[in-house]
>>> print(open('input.cif').read())   # mmCIF, C-alpha atoms and all ligand atoms
data_start
loop_
_atom_site.label_atom_id
_atom_site.label_comp_id
_atom_site.auth_asym_id
_atom_site.auth_seq_id
_atom_site.Cartn_x
_atom_site.Cartn_y
_atom_site.Cartn_z
CA MET A 1 109.40 119.87 144.70
CA ASP A 2 109.62 116.25 143.63
CA LYS A 3 112.55 115.85 141.25
CA ALA A 4 110.36 114.17 138.65
CA LYS A 5 107.80 116.96 138.69
CA LYS A 6 109.93 119.87 137.47
CA THR A 7 108.12 121.91 134.85
CA SER A 8 109.37 122.77 131.38
CA LYS A 9 110.05 126.34 132.55
CA GLU A 10 112.67 125.07 134.97
CA GLY A 11 113.90 122.49 132.44
CA PHE A 12 112.92 118.84 132.42
CA ILE A 13 115.03 116.34 134.26
CA ALA A 14 115.05 112.54 134.20
CA PRO A 15 112.52 110.84 136.52
CA LYS A 16 113.68 110.16 140.07
CA GLY A 17 115.85 107.06 140.35
CA MET A 18 116.48 107.02 136.59
CA ARG A 19 119.45 108.45 134.74
CA ASP A 20 121.03 109.01 131.36
CA ILE A 21 123.78 106.53 130.69
CA MET A 22 126.58 108.20 128.75
CA ASN A 23 130.33 108.79 128.43
CA GLU A 24 132.49 106.45 130.52
CA GLU A 25 129.52 104.80 132.26
CA TYR A 26 128.02 103.81 128.89
CA TYR A 27 131.25 102.06 127.90
CA LEU A 28 131.44 100.34 131.29
CA PHE A 29 127.99 98.86 130.69
CA GLN A 30 128.77 97.92 127.11
CA GLY A 31 132.09 96.33 128.06
CA PHE A 32 130.38 94.29 130.79
CA PHE A 33 127.62 93.09 128.48
CA GLU A 34 130.15 91.99 125.86
CA LYS A 35 132.24 90.06 128.40
CA ALA A 36 129.22 88.49 130.13
CA GLN A 37 127.74 87.39 126.81
CA GLU A 38 131.04 85.91 125.69
CA VAL A 39 131.35 83.81 128.87
CA ALA A 40 127.67 82.79 128.73
CA ILE A 41 128.02 81.61 125.13
CA TYR A 42 131.06 79.44 126.05
CA TYR A 43 128.92 77.75 128.71
CA GLY A 44 126.12 77.05 126.22
CA PHE A 45 123.66 79.90 126.80
CA LYS A 46 121.80 81.51 123.89
CA PRO A 47 120.44 85.06 123.71
CA ILE A 48 116.80 86.05 124.08
CA GLU A 49 115.18 89.45 124.41
CA THR A 50 111.68 89.66 125.79
CA PRO A 51 109.55 92.83 125.71
CA MET A 52 109.98 95.45 128.43
CA LEU A 53 106.22 95.39 129.00
CA GLU A 54 104.23 92.26 129.86
CA GLN A 55 100.68 91.58 130.95
CA GLU A 56 100.64 92.62 134.61
CA GLU A 57 99.42 89.14 135.54
CA VAL A 58 102.65 87.55 134.27
CA PHE A 59 104.32 89.10 137.32
CA THR A 60 101.49 88.93 139.85
CA SER A 61 100.97 85.22 139.10
CA ALA A 62 104.67 84.38 139.01
CA ILE A 63 106.23 86.50 141.74
CA GLY A 64 103.20 86.45 144.01
CA VAL A 65 101.61 88.86 146.44
CA GLY A 66 103.35 89.48 149.74
CA THR A 67 106.56 90.43 147.91
CA ASP A 68 107.88 93.99 147.76
CA VAL A 69 108.35 93.74 144.03
CA VAL A 70 104.67 93.07 143.33
CA ASP A 71 103.05 94.88 146.25
CA LYS A 72 105.04 98.12 146.14
CA GLU A 73 107.53 98.39 143.35
CA MET A 74 105.86 97.52 140.07
CA TYR A 75 105.21 100.20 137.44
CA THR A 76 101.81 99.33 136.02
CA LEU A 77 99.76 101.02 133.36
CA ARG A 78 96.49 100.67 131.53
CA THR A 79 96.74 101.07 127.76
CA LYS A 80 94.16 103.02 125.74
CA GLY A 81 92.86 99.61 124.62
CA GLY A 82 92.30 98.64 128.26
CA ASP A 83 95.16 96.14 128.71
CA HIS A 84 96.83 96.04 132.11
CA LEU A 85 100.57 96.00 131.50
CA ALA A 86 103.62 96.25 133.75
CA LEU A 87 107.18 97.38 133.08
CA ARG A 88 109.25 94.29 133.85
CA PRO A 89 110.58 94.22 137.44
CA GLU A 90 112.66 91.12 136.57
CA HIS A 91 113.46 88.83 133.62
CA THR A 92 112.48 85.37 134.84
CA ALA A 93 108.68 85.44 134.54
CA PRO A 94 108.85 86.89 130.99
CA LEU A 95 111.35 84.16 130.04
CA ILE A 96 109.03 81.38 131.25
CA ARG A 97 106.09 83.07 129.53
CA ALA A 98 108.18 82.98 126.31
CA TYR A 99 109.25 79.34 126.91
CA ILE A 100 105.61 78.24 127.21
CA GLU A 101 104.36 80.49 124.40
CA HIS A 102 106.93 79.08 121.93
CA GLY A 103 106.53 75.44 123.02
CA MET A 104 110.15 75.13 124.05
CA GLN A 105 109.29 71.98 126.04
CA ASN A 106 109.71 70.20 122.68
CA GLN A 107 113.38 71.17 122.39
CA PRO A 108 116.22 69.26 124.05
CA GLN A 109 116.20 70.24 127.74
CA PRO A 110 117.36 72.31 129.46
CA VAL A 111 116.98 75.34 127.19
CA MET A 112 119.60 77.84 128.32
CA PHE A 113 119.28 81.57 127.83
CA TYR A 114 121.05 84.76 128.72
CA GLN A 115 119.28 88.10 128.52
CA TYR A 116 120.01 91.62 129.62
CA GLY A 117 118.36 95.01 129.67
CA PRO A 118 116.65 97.60 131.84
CA ILE A 119 114.50 96.59 134.80
CA PHE A 120 112.03 98.85 136.58
CA ARG A 121 111.23 98.88 140.30
CA HIS A 122 109.63 101.77 142.18
CA ASP A 123 112.16 101.43 144.97
CA THR A 124 113.57 104.17 147.24
CA PRO A 125 116.59 105.49 145.34
CA GLN A 126 119.88 105.33 147.26
CA LYS A 127 123.44 104.14 146.65
CA GLY A 128 123.32 101.14 144.29
CA ARG A 129 119.52 101.28 144.18
CA TYR A 130 117.76 102.79 141.20
CA ARG A 131 114.27 102.74 139.74
CA GLN A 132 115.62 101.83 136.34
CA PHE A 133 118.63 99.54 136.52
CA TRP A 134 120.21 96.88 134.33
CA MET A 135 120.18 93.15 134.87
CA PHE A 136 122.09 90.39 133.15
CA ASP A 137 120.31 87.05 133.58
CA LEU A 138 121.29 83.44 133.08
CA ASP A 139 118.60 80.76 133.05
CA ALA A 140 118.43 77.03 132.33
CA VAL A 141 114.87 75.80 131.88
CA GLY A 142 113.72 72.17 131.82
CA SER A 143 116.04 70.26 134.15
CA ASP A 144 115.90 69.55 137.87
CA LYS A 145 119.47 68.23 138.06
CA SER A 146 121.84 69.63 140.66
CA ILE A 147 124.58 70.10 138.05
CA ILE A 148 122.40 72.76 136.44
CA ASP A 149 122.44 74.74 139.72
CA ALA A 150 126.24 74.43 139.70
CA LEU A 151 126.42 75.47 136.04
CA ILE A 152 124.49 78.68 136.71
CA ILE A 153 126.56 79.57 139.79
CA LYS A 154 129.84 78.73 138.05
CA THR A 155 129.01 80.80 134.95
CA ALA A 156 128.05 83.75 137.17
CA MET A 157 131.29 83.50 139.14
CA VAL A 158 133.40 83.27 135.98
CA ILE A 159 131.75 86.42 134.62
CA LEU A 160 132.62 88.28 137.83
CA GLU A 161 136.18 86.91 137.89
CA GLU A 162 136.66 88.00 134.29
CA CYS A 163 135.65 91.46 135.51
CA GLY A 164 138.37 91.48 138.16
CA ALA A 165 136.54 90.09 141.22
CA GLU A 166 138.67 88.10 143.65
CA GLY A 167 137.79 86.16 146.79
CA LEU A 168 134.03 86.47 146.30
CA SER A 169 131.93 84.01 148.21
CA VAL A 170 128.46 82.70 147.52
CA ASP A 171 125.76 82.77 150.19
CA ILE A 172 123.63 79.71 149.66
CA ASN A 173 120.60 78.02 151.18
CA SER A 174 117.93 75.51 150.30
CA ILE A 175 114.30 76.34 151.00
CA GLY A 176 112.98 72.91 150.03
CA ASP A 177 110.20 71.84 147.69
CA LYS A 178 106.48 71.24 148.13
CA GLU A 179 107.21 68.04 150.09
CA CYS A 180 109.08 69.74 152.88
CA ARG A 181 108.40 73.45 152.64
CA GLY A 182 104.92 73.29 154.17
CA ALA A 183 106.25 71.68 157.36
CA TYR A 184 109.08 74.20 157.52
CA ILE A 185 106.76 77.18 157.11
CA ARG A 186 104.53 75.80 159.88
CA GLU A 187 107.55 75.45 162.16
CA LEU A 188 108.68 78.96 161.29
CA THR A 189 105.21 80.43 161.80
CA ASN A 190 104.95 78.78 165.24
CA TYR A 191 108.31 80.24 166.17
CA TYR A 192 107.30 83.79 165.21
CA LYS A 193 103.89 83.41 166.86
CA LYS A 194 105.68 82.63 170.11
CA HIS A 195 107.54 85.95 169.74
CA MET A 196 104.61 87.97 168.40
CA SER A 197 105.02 90.67 171.05
CA VAL A 198 108.43 91.72 169.66
CA LEU A 199 107.60 91.23 166.01
CA PRO A 200 107.26 94.60 164.19
CA ALA A 201 103.99 95.35 162.37
CA ILE A 202 105.46 94.83 158.88
CA ASP A 203 106.68 91.35 159.80
CA ARG A 204 103.39 90.50 161.51
CA GLU A 205 101.76 91.26 158.18
CA ARG A 206 104.31 89.02 156.41
CA LEU A 207 103.45 86.24 158.84
CA LYS A 208 100.01 86.18 157.21
CA THR A 209 101.09 86.57 153.58
CA ASN A 210 104.63 85.21 153.18
CA PRO A 211 106.32 84.06 156.43
CA LEU A 212 109.58 83.12 154.66
CA ARG A 213 110.15 86.80 153.92
CA ILE A 214 110.50 87.52 157.65
CA LEU A 215 113.87 85.77 157.44
CA ASP A 216 115.33 88.54 155.30
CA SER A 217 113.65 91.36 157.24
CA LYS A 218 115.78 94.48 157.65
CA ASP A 219 114.23 95.32 161.05
CA PRO A 220 116.81 95.06 163.88
CA LYS A 221 114.33 93.36 166.26
CA THR A 222 113.40 90.74 163.67
CA LYS A 223 117.06 90.30 162.77
CA GLU A 224 117.75 89.36 166.37
CA LEU A 225 114.80 86.94 166.43
CA ASN A 226 116.05 85.36 163.22
CA ILE A 227 119.30 84.24 164.86
CA ASP A 228 117.44 81.43 166.62
CA ALA A 229 114.75 80.85 164.00
CA PRO A 230 114.49 77.25 162.73
CA ASP A 231 116.55 76.73 159.58
CA ALA A 232 115.17 75.33 156.36
CA VAL A 233 118.06 72.94 155.72
CA GLY A 234 117.17 71.04 158.92
CA SER A 235 113.65 70.42 157.58
CA LEU A 236 114.58 69.28 154.07
CA CYS A 237 113.01 66.06 152.77
CA PRO A 238 115.48 63.36 151.62
CA ALA A 239 115.26 64.38 147.91
CA CYS A 240 115.93 68.08 148.67
CA LYS A 241 118.70 67.16 151.09
CA LYS A 242 120.40 65.04 148.41
CA HIS A 243 120.01 67.82 145.83
CA PHE A 244 121.50 70.43 148.16
CA LYS A 245 124.38 68.16 149.17
CA GLU A 246 125.22 67.57 145.50
CA VAL A 247 125.15 71.30 144.72
CA LEU A 248 127.60 71.94 147.57
CA GLU A 249 129.83 69.10 146.34
CA TYR A 250 129.94 70.68 142.89
CA LEU A 251 130.87 74.05 144.39
CA GLU A 252 133.67 72.43 146.39
CA GLU A 253 134.98 70.63 143.32
CA LEU A 254 134.87 73.92 141.38
CA GLY A 255 136.72 75.73 144.15
CA ILE A 256 133.83 78.17 144.69
CA GLN A 257 133.75 79.48 148.23
CA TYR A 258 130.34 79.39 149.85
CA THR A 259 128.62 80.07 153.15
CA ILE A 260 125.34 78.42 154.08
CA ASN A 261 123.12 81.33 155.07
CA LYS A 262 119.98 80.03 156.76
CA ASN A 263 118.28 83.43 156.52
CA LEU A 264 118.64 83.61 152.76
CA VAL A 265 115.22 83.20 151.20
CA ARG A 266 115.29 85.99 148.58
CA GLY A 267 112.56 88.46 147.83
CA LEU A 268 110.52 86.59 145.24
CA SER A 269 108.17 83.81 146.25
CA TYR A 270 108.74 81.53 143.26
CA TYR A 271 111.98 80.02 144.52
CA THR A 272 112.34 76.34 145.49
CA ARG A 273 115.34 74.35 146.72
CA THR A 274 118.59 76.21 145.96
CA VAL A 275 118.73 79.97 146.52
CA PHE A 276 121.98 81.91 146.38
CA GLU A 277 123.39 85.39 146.40
CA ILE A 278 126.78 86.86 145.51
CA VAL A 279 127.58 89.67 147.89
CA GLY A 280 130.08 92.44 147.19
CA GLU A 281 132.60 93.97 149.60
CA PRO A 282 131.13 95.88 152.58
CA ASP A 283 131.19 99.70 152.49
CA GLU A 284 132.52 101.95 155.30
CA ASN A 285 129.40 101.16 157.39
CA GLY A 286 129.84 97.42 156.97
CA ASN A 287 126.88 97.11 154.59
CA ALA A 288 127.46 94.96 151.55
CA LEU A 289 125.23 95.12 148.49
CA SER A 290 124.12 92.02 146.67
CA LEU A 291 125.73 91.93 143.22
CA GLY A 292 123.54 89.15 141.99
CA GLY A 293 121.48 86.20 143.03
CA GLY A 294 119.03 83.58 141.98
CA GLY A 295 117.86 80.07 142.55
CA ARG A 296 115.62 77.25 141.42
CA TYR A 297 112.08 77.98 140.45
CA ASP A 298 110.65 74.54 139.72
CA TYR A 299 106.98 75.47 140.12
CA LEU A 300 106.89 78.83 138.39
CA ALA A 301 105.77 77.53 134.98
CA LYS A 302 102.48 76.18 136.34
CA HIS A 303 101.62 79.67 137.62
CA LEU A 304 102.03 80.90 134.05
CA GLY A 305 99.73 78.35 132.49
CA SER A 306 101.90 75.28 131.92
CA LYS A 307 100.03 72.02 132.57
CA LYS A 308 103.19 70.40 133.93
CA ASP A 309 105.86 71.69 136.27
CA ILE A 310 108.97 72.78 134.39
CA PRO A 311 112.01 72.70 136.70
CA ALA A 312 114.38 75.60 136.13
CA MET A 313 117.28 77.50 137.63
CA GLY A 314 118.48 81.04 137.05
CA MET A 315 120.28 84.07 138.36
CA ALA A 316 120.58 87.81 137.68
CA PHE A 317 123.35 90.34 138.14
CA GLY A 318 122.62 93.92 139.06
CA VAL A 319 124.94 95.35 136.41
CA ASP A 320 124.93 98.92 137.82
CA ARG A 321 126.45 97.52 141.00
CA VAL A 322 129.00 95.26 139.31
CA ILE A 323 130.48 98.08 137.21
CA GLN A 324 130.65 100.30 140.31
CA ALA A 325 132.59 97.73 142.37
CA SER A 326 136.10 98.83 143.38
CA TRP A 327 137.65 95.75 141.73
CA TYR A 328 135.80 96.17 138.47
CA LYS A 329 138.26 95.80 135.61
CA LYS A 330 137.08 97.87 132.72
CA HIS A 331 136.49 96.02 129.46
CA THR A 332 136.72 98.34 126.50
CA PRO A 333 133.83 97.67 124.13
CA ARG A 334 134.98 96.00 120.92
CA ILE A 335 133.52 98.70 118.68
CA LEU A 336 135.59 101.38 120.42
CA LYS A 337 138.91 101.74 118.61
CA LYS A 338 141.82 103.92 119.55
CA PRO A 339 142.08 106.66 116.90
CA LYS A 340 145.09 106.18 114.59
CA MET A 341 144.65 109.34 112.54
CA TYR A 342 143.43 112.85 112.96
CA PHE A 343 141.67 114.21 109.90
CA ILE A 344 142.24 117.88 109.10
CA GLN A 345 140.51 119.72 106.26
CA LEU A 346 141.02 123.23 104.90
CA GLY A 347 138.77 125.21 102.59
CA PHE A 348 135.32 124.58 101.18
CA ASP A 349 136.45 122.39 98.25
CA ALA A 350 138.11 120.04 100.75
CA LYS A 351 135.11 120.11 103.12
CA LEU A 352 132.88 119.07 100.20
CA LYS A 353 134.89 115.88 99.68
CA SER A 354 135.90 115.24 103.31
CA LEU A 355 133.16 112.77 104.19
CA ASN A 356 134.13 110.67 101.17
CA VAL A 357 137.75 110.54 102.30
CA ILE A 358 136.62 109.59 105.82
CA ASP A 359 134.62 106.76 104.27
CA ILE A 360 137.74 105.46 102.50
CA LEU A 361 139.37 105.32 105.95
CA ARG A 362 136.33 103.61 107.51
CA LYS A 363 136.37 100.94 104.81
CA ALA A 364 140.05 100.35 105.57
CA HIS A 365 139.14 100.01 109.30
CA ILE A 366 141.25 102.99 110.25
CA PRO A 367 139.73 104.72 113.29
CA ILE A 368 140.02 108.50 113.09
CA LEU A 369 139.00 111.63 114.91
CA GLN A 370 138.13 114.84 113.12
CA SER A 371 136.86 118.34 113.70
CA LEU A 372 134.98 119.01 110.48
CA SER A 373 133.35 122.10 111.90
CA LYS A 374 136.72 123.84 112.41
CA ASP A 375 138.34 125.90 109.67
CA SER A 376 141.86 126.89 110.77
CA LEU A 377 144.86 124.60 110.30
CA GLY A 378 146.46 125.80 113.55
CA ALA A 379 143.40 124.98 115.65
CA GLN A 380 143.06 121.52 114.12
CA LEU A 381 146.76 120.70 114.44
CA ALA A 382 146.68 121.82 118.07
CA ILE A 383 143.88 119.33 118.80
CA ALA A 384 145.79 116.55 117.04
CA GLU A 385 148.94 117.31 119.09
CA LYS A 386 146.95 117.38 122.32
CA LEU A 387 145.25 114.05 121.62
CA ASN A 388 148.58 112.40 120.93
CA ILE A 389 147.35 110.70 117.78
CA PRO A 390 150.25 109.22 115.75
CA TYR A 391 149.25 110.50 112.28
CA THR A 392 147.26 113.35 110.76
CA ILE A 393 145.71 113.46 107.35
CA ILE A 394 145.67 116.98 105.91
CA PHE A 395 143.19 117.59 103.14
CA GLY A 396 143.32 121.13 101.73
CA GLN A 397 142.15 123.02 98.64
CA LYS A 398 145.09 121.84 96.50
CA GLU A 399 144.74 118.21 97.65
CA ALA A 400 140.98 118.30 96.94
CA ILE A 401 141.65 119.40 93.36
CA GLU A 402 144.48 116.92 92.85
CA ASN A 403 142.67 114.02 94.59
CA CYS A 404 145.36 113.42 97.15
CA VAL A 405 146.01 113.92 100.88
CA ILE A 406 149.03 114.79 103.00
CA VAL A 407 149.87 112.12 105.61
CA ARG A 408 151.87 113.61 108.48
CA ASP A 409 153.77 111.55 111.03
CA MET A 410 153.20 113.46 114.27
CA THR A 411 156.31 112.05 115.96
CA THR A 412 158.90 112.76 113.24
CA HIS A 413 156.90 115.64 111.67
CA SER A 414 157.75 114.21 108.24
CA GLN A 415 154.95 114.24 105.71
CA GLU A 416 154.11 112.74 102.36
CA THR A 417 151.55 113.46 99.66
CA VAL A 418 149.57 110.38 98.71
CA LYS A 419 147.04 109.97 95.88
CA LEU A 420 143.55 109.04 97.15
CA SER A 421 143.59 105.99 94.86
CA LYS A 422 146.79 104.80 96.58
CA LEU A 423 145.78 105.81 100.13
CA LEU A 424 144.60 102.39 101.32
CA GLU A 425 147.78 100.70 100.11
CA TYR A 426 149.90 103.40 101.73
CA LEU A 427 148.05 103.20 105.03
CA LYS A 428 148.39 99.41 105.12
CA GLU A 429 152.17 99.88 105.06
CA ILE A 430 152.27 102.30 107.96
CA LYS A 431 149.60 100.46 110.04
P1 LIG A 501 116.72 90.43 142.79
O1 LIG A 501 115.94 89.85 141.66
O2 LIG A 501 115.93 91.39 143.61
O3 LIG A 501 117.47 89.45 143.59
O4 LIG A 501 117.82 91.34 142.10
C1 LIG A 501 118.95 90.78 141.43
C2 LIG A 501 120.07 91.76 141.50
O5 LIG A 501 119.67 93.00 140.91
C3 LIG A 501 120.47 92.14 142.92
O6 LIG A 501 121.41 91.24 143.39
C4 LIG A 501 121.05 93.52 142.74
O7 LIG A 501 122.41 93.44 142.36
C5 LIG A 501 120.27 94.08 141.59
N1 LIG A 501 119.22 95.03 142.03
C6 LIG A 501 118.04 94.75 142.62
N2 LIG A 501 117.33 95.88 142.85
C7 LIG A 501 118.09 96.90 142.38
C8 LIG A 501 117.93 98.32 142.31
N3 LIG A 501 116.82 98.93 142.74
N4 LIG A 501 118.92 99.07 141.76
C9 LIG A 501 120.06 98.48 141.31
N5 LIG A 501 120.27 97.15 141.34
C10 LIG A 501 119.31 96.37 141.87
#
>>> encode(input="input.cif", output="structure tokens")
Amino acid sequence: MDKAKKTSKEGFIAPKGMRDIMNEEYYLFQGFFEKAQEVAIYYGFKPIETPMLEQEEVFTSAIGVGTDVVDKEMYTLRTKGGDHLALRPEHTAPLIRAYIEHGMQNQPQPVMFYQYGPIFRHDTPQKGRYRQFWMFDLDAVGSDKSIIDALIIKTAMVILEECGAEGLSVDINSIGDKECRGAYIRELTNYYKKHMSVLPAIDRERLKTNPLRILDSKDPKTKELNIDAPDAVGSLCPACKKHFKEVLEYLEELGIQYTINKNLVRGLSYYTRTVFEIVGEPDENGNALSLGGGGRYDYLAKHLGSKKDIPAMGMAFGVDRVIQASWYKKHTPRILKKPKMYFIQLGFDAKLKSLNVIDILRKAHIPILQSLSKDSLGAQLAIAEKLNIPYTIIFGQKEAIENCVIVRDMTTHSQETVKLSKLLEYLKEIK
């Protein structure tokens, strides 16, 4: 039976390719988001959060047919009111929709945003591939300058380095603009037509809808054909050539290692000029997953209703993959604090007032652990010992009546009775 179709009798489980994020994994995500945001803010990006649902057309117009994301992987729905909506399969089209909707052309350009959250693609679940996964995006909208490409790539690399990555290299390519891309696609199409007899059916179909996609085909026969396929860089017009050369110069100056990968076109059809991908370390079978990627999308805005082209550049990390990388250095979320005290209560009178005492500790920013549902002193002390927490606060019947607590040093086993009114002062001293 399909995993997603279990009945309530057997117990419901999460839909296939989707999972509950909890315990350690939750903190890994949260730690990454905090670090990535911090770096992004230093480089001048501001936050935005767009809805998880958009009009389906935002994606079909922007990403285009002939792409896996639109043709096969989008979760679409019709609301009771008759609207056709889609769960976002990426962040870029919603961002440009928001940019146009809020007239951001009138702000100083480029407008730079970071955003993160769940993304939905009806993909085949496997290692590092989910149907709900998390992206962290960086975008700079409103400039066609090559330094903006470098800024996005540099910020992305710094985020990964801050997470422990070493020796990562960027795969990069330029797929030209409307001046030169047409000629390149014609050249490419002619090449594949000459080899039609070996081209698999799926790539023959792509030849009609989106020939560039054949370059990143996973089919072994096509892969072999692609070795000798004409490369886009050779067909670039002078303006695109200059742009690409400048981007590479920036990368060199920044000490970012790169490889020009002529087969890199990326899955979405809105890209122009620079496209890039950051690839992780290969697994035991030599397959390496892409940790993130992006590129320029100078013509996307017109597909979403802008009268003028709005040049832009962006990238997205697949966060699930980054936090699973072997080098990933865990960042503890800022709100998680190591407990300094273990709170023990005894008797109903103490239980009644316990939450108020815990609130005194919260206000003093003293992180604690407790087991309010336990009754015996022995059981509670045993937990405190096991957790290796430096101090316990013991709040019993007598202390509840006298408005005080016992503070016990778990290393020396010495203890002192402290009035509740003096507790904050006392705790400041032992902090
Ligand atoms: P894309 O927009 O397809 O280039 O995706 C950007 C990044 O998201 C990729 O580099 C991956 O790291 C990640 N990604 C894409 N699809 C999935 C998926 N199904 N599950 C997990 N991560 C994904």
>>> residues_near_ligand(input="input.cif", ligand="ligand LIG 501 (chain A)", cutoff="9 Å", atoms="all atoms listed in the file", output="VMD selection string")
chain A and resid 17 69 89 to 92 119 to 137 266 to 268 277 to 279 289 to 294 315 to 322
>>> axis_aligned_box(input="input.cif", around="stretch 86-101 of chain A", padding_each_side="6 Å", output="lines of an AutoDock Vina configuration file")
center_x = 108.5
center_y = 87.8
center_z = 130.9
size_x = 21.8
size_y = 31.1
size_z = 25.0
>>> residues_around(input="input.cif", residues="stretch 153-162 of chain A", least_positions_apart="5", cutoff="9 Å", atoms="all atoms listed in the file", output="ChimeraX atom specification")
/A:32,35-40,43,138,148,168,170,251,254,256,276,278,292-294,314-317,322,328-329
>>> closest_residue(input="input.cif", among="A:Pro94, A:Leu236, A:Tyr270, A:Lys262", to="A:Gly66", atoms="only C-alpha atoms")
A:Tyr270
>>> atom_distance(input="input.cif", atom1="atom CA of A:Tyr342", atom2="atom CA of A:Lys363")
16.1 Å
>>> residues_near_point(input="input.cif", point="(103.5, 98.3, 132.0)", cutoff="7 Å", atoms="all atoms listed in the file", output="PyMOL selection string")
chain A and resi 53-54+56+75-77+85-87
>>> atom_distance(input="input.cif", atom1="atom CA of A:Cys404", atom2="atom CA of A:Leu361")
13.4 Å
>>> residues_around(input="input.cif", residues="A:Val265", least_positions_apart="6", cutoff="8 Å", atoms="all atoms listed in the file", output="list in words")
Asn173, Ile175, Leu212, Arg213, Leu215, Asp216 and Val275 of chain A
>>> residues_around(input="input.cif", residues="A:Glu399", least_positions_apart="6", cutoff="9 Å", atoms="only C-alpha atoms", output="PDB file with C-alpha atoms, in the coordinates of the input")
ATOM      1  CA  ALA A 350     138.110 120.040 100.750  1.00  0.00           C
ATOM      2  CA  VAL A 405     146.010 113.920 100.880  1.00  0.00           C
ATOM      3  CA  ILE A 406     149.030 114.790 103.000  1.00  0.00           C
ATOM      4  CA  THR A 417     151.550 113.460  99.660  1.00  0.00           C
ATOM      5  CA  LYS A 419     147.040 109.970  95.880  1.00  0.00           C
TER       6      LYS A 419
END
>>> closest_residue(input="input.cif", among="A:Asp231, A:Glu101, A:Asn190, A:Asp298", to="A:Ser143", atoms="all atoms listed in the file")
A:Asp298
>>> closest_residue(input="input.cif", among="A:Met313, A:Glu281, A:Met22, A:Lys218", to="A:Ala301", atoms="all atoms listed in the file")
A:Met313
>>> residues_around(input="input.cif", residues="A:Leu381", least_positions_apart="6", cutoff="12 Å", atoms="all atoms listed in the file", output="NGL selection string")
:A and (341-346 or 369-371 or 374-375 or 387-389 or 391-394 or 408 or 410 or 413)
>>> residues_around(input="input.cif", residues="A:Tyr99", least_positions_apart="3", cutoff="10 Å", atoms="all atoms listed in the file", output="MDAnalysis selection string")
chainID A and resid 93:96 102:105 111 141:142 301 306 310
>>> atom_distance(input="input.cif", atom1="atom CA of A:Ala325", atom2="atom CA of A:Tyr258")
19.9 Å
>>> closest_residue(input="input.cif", among="A:Glu385, A:Ile185, A:Ala165, A:Asp359", to="A:Gly280", atoms="only C-alpha atoms")
A:Ala165
>>> residues_near_point(input="input.cif", point="(105.9, 64.0, 149.4)", cutoff="10 Å", atoms="only C-alpha atoms", output="list of chain:residue names")
A:Asp177, A:Lys178, A:Glu179, A:Cys180, A:Cys237, A:Pro238, A:Ala239
>>> closest_atom_pairs(input="input.cif", of="stretch 38-80 of chain A", to="stretch 203-211 of chain A", cutoff="12 Å", atoms="all atoms listed in the file", output="CSV")
residue,atom,partner,partner_atom,distance
A:Ile63,CA,A:Asn210,CA,11.6
A:Gly64,CA,A:Asn210,CA,9.4
A:Val65,CA,A:Thr209,CA,7.5
A:Gly66,CA,A:Thr209,CA,5.3
A:Thr67,CA,A:Asn210,CA,7.7
A:Asp68,CA,A:Arg206,CA,10.6
A:Asp71,CA,A:Thr209,CA,11.3
>>> build_atoms(input="input.cif", residues="stretch 69-76 of chain A", atoms="N, CA, C and O atoms", output="mmCIF file, in the frame of the given file")
data_model
loop_
_atom_site.group_PDB
_atom_site.id
_atom_site.type_symbol
_atom_site.label_atom_id
_atom_site.label_comp_id
_atom_site.auth_asym_id
_atom_site.auth_seq_id
_atom_site.Cartn_x
_atom_site.Cartn_y
_atom_site.Cartn_z
ATOM 1 N N VAL A 69 108.339 93.452 145.463
ATOM 2 C CA VAL A 69 108.350 93.740 144.030
ATOM 3 C C VAL A 69 106.933 93.897 143.481
ATOM 4 O O VAL A 69 106.629 94.848 142.762
ATOM 5 N N VAL A 70 106.047 92.989 143.838
ATOM 6 C CA VAL A 70 104.670 93.070 143.330
ATOM 7 C C VAL A 70 103.826 94.069 144.120
ATOM 8 O O VAL A 70 103.099 94.877 143.553
ATOM 9 N N ASP A 71 103.944 94.043 145.436
ATOM 10 C CA ASP A 71 103.050 94.880 146.250
ATOM 11 C C ASP A 71 103.368 96.370 146.136
ATOM 12 O O ASP A 71 102.475 97.202 146.149
ATOM 13 N N LYS A 72 104.684 96.695 146.040
ATOM 14 C CA LYS A 72 105.040 98.120 146.140
ATOM 15 C C LYS A 72 105.791 98.673 144.947
ATOM 16 O O LYS A 72 105.756 99.864 144.702
ATOM 17 N N GLU A 73 106.518 97.816 144.233
ATOM 18 C CA GLU A 73 107.530 98.390 143.350
ATOM 19 C C GLU A 73 107.216 98.320 141.862
ATOM 20 O O GLU A 73 107.986 98.811 141.053
ATOM 21 N N MET A 74 106.083 97.705 141.493
ATOM 22 C CA MET A 74 105.860 97.520 140.070
ATOM 23 C C MET A 74 105.255 98.756 139.413
ATOM 24 O O MET A 74 104.365 99.379 139.956
ATOM 25 N N TYR A 75 105.792 99.111 138.245
ATOM 26 C CA TYR A 75 105.210 100.200 137.440
ATOM 27 C C TYR A 75 104.141 99.570 136.562
ATOM 28 O O TYR A 75 104.446 98.749 135.695
ATOM 29 N N THR A 76 102.885 99.925 136.815
ATOM 30 C CA THR A 76 101.810 99.330 136.020
ATOM 31 C C THR A 76 101.106 100.422 135.229
ATOM 32 O O THR A 76 101.135 101.599 135.607
#
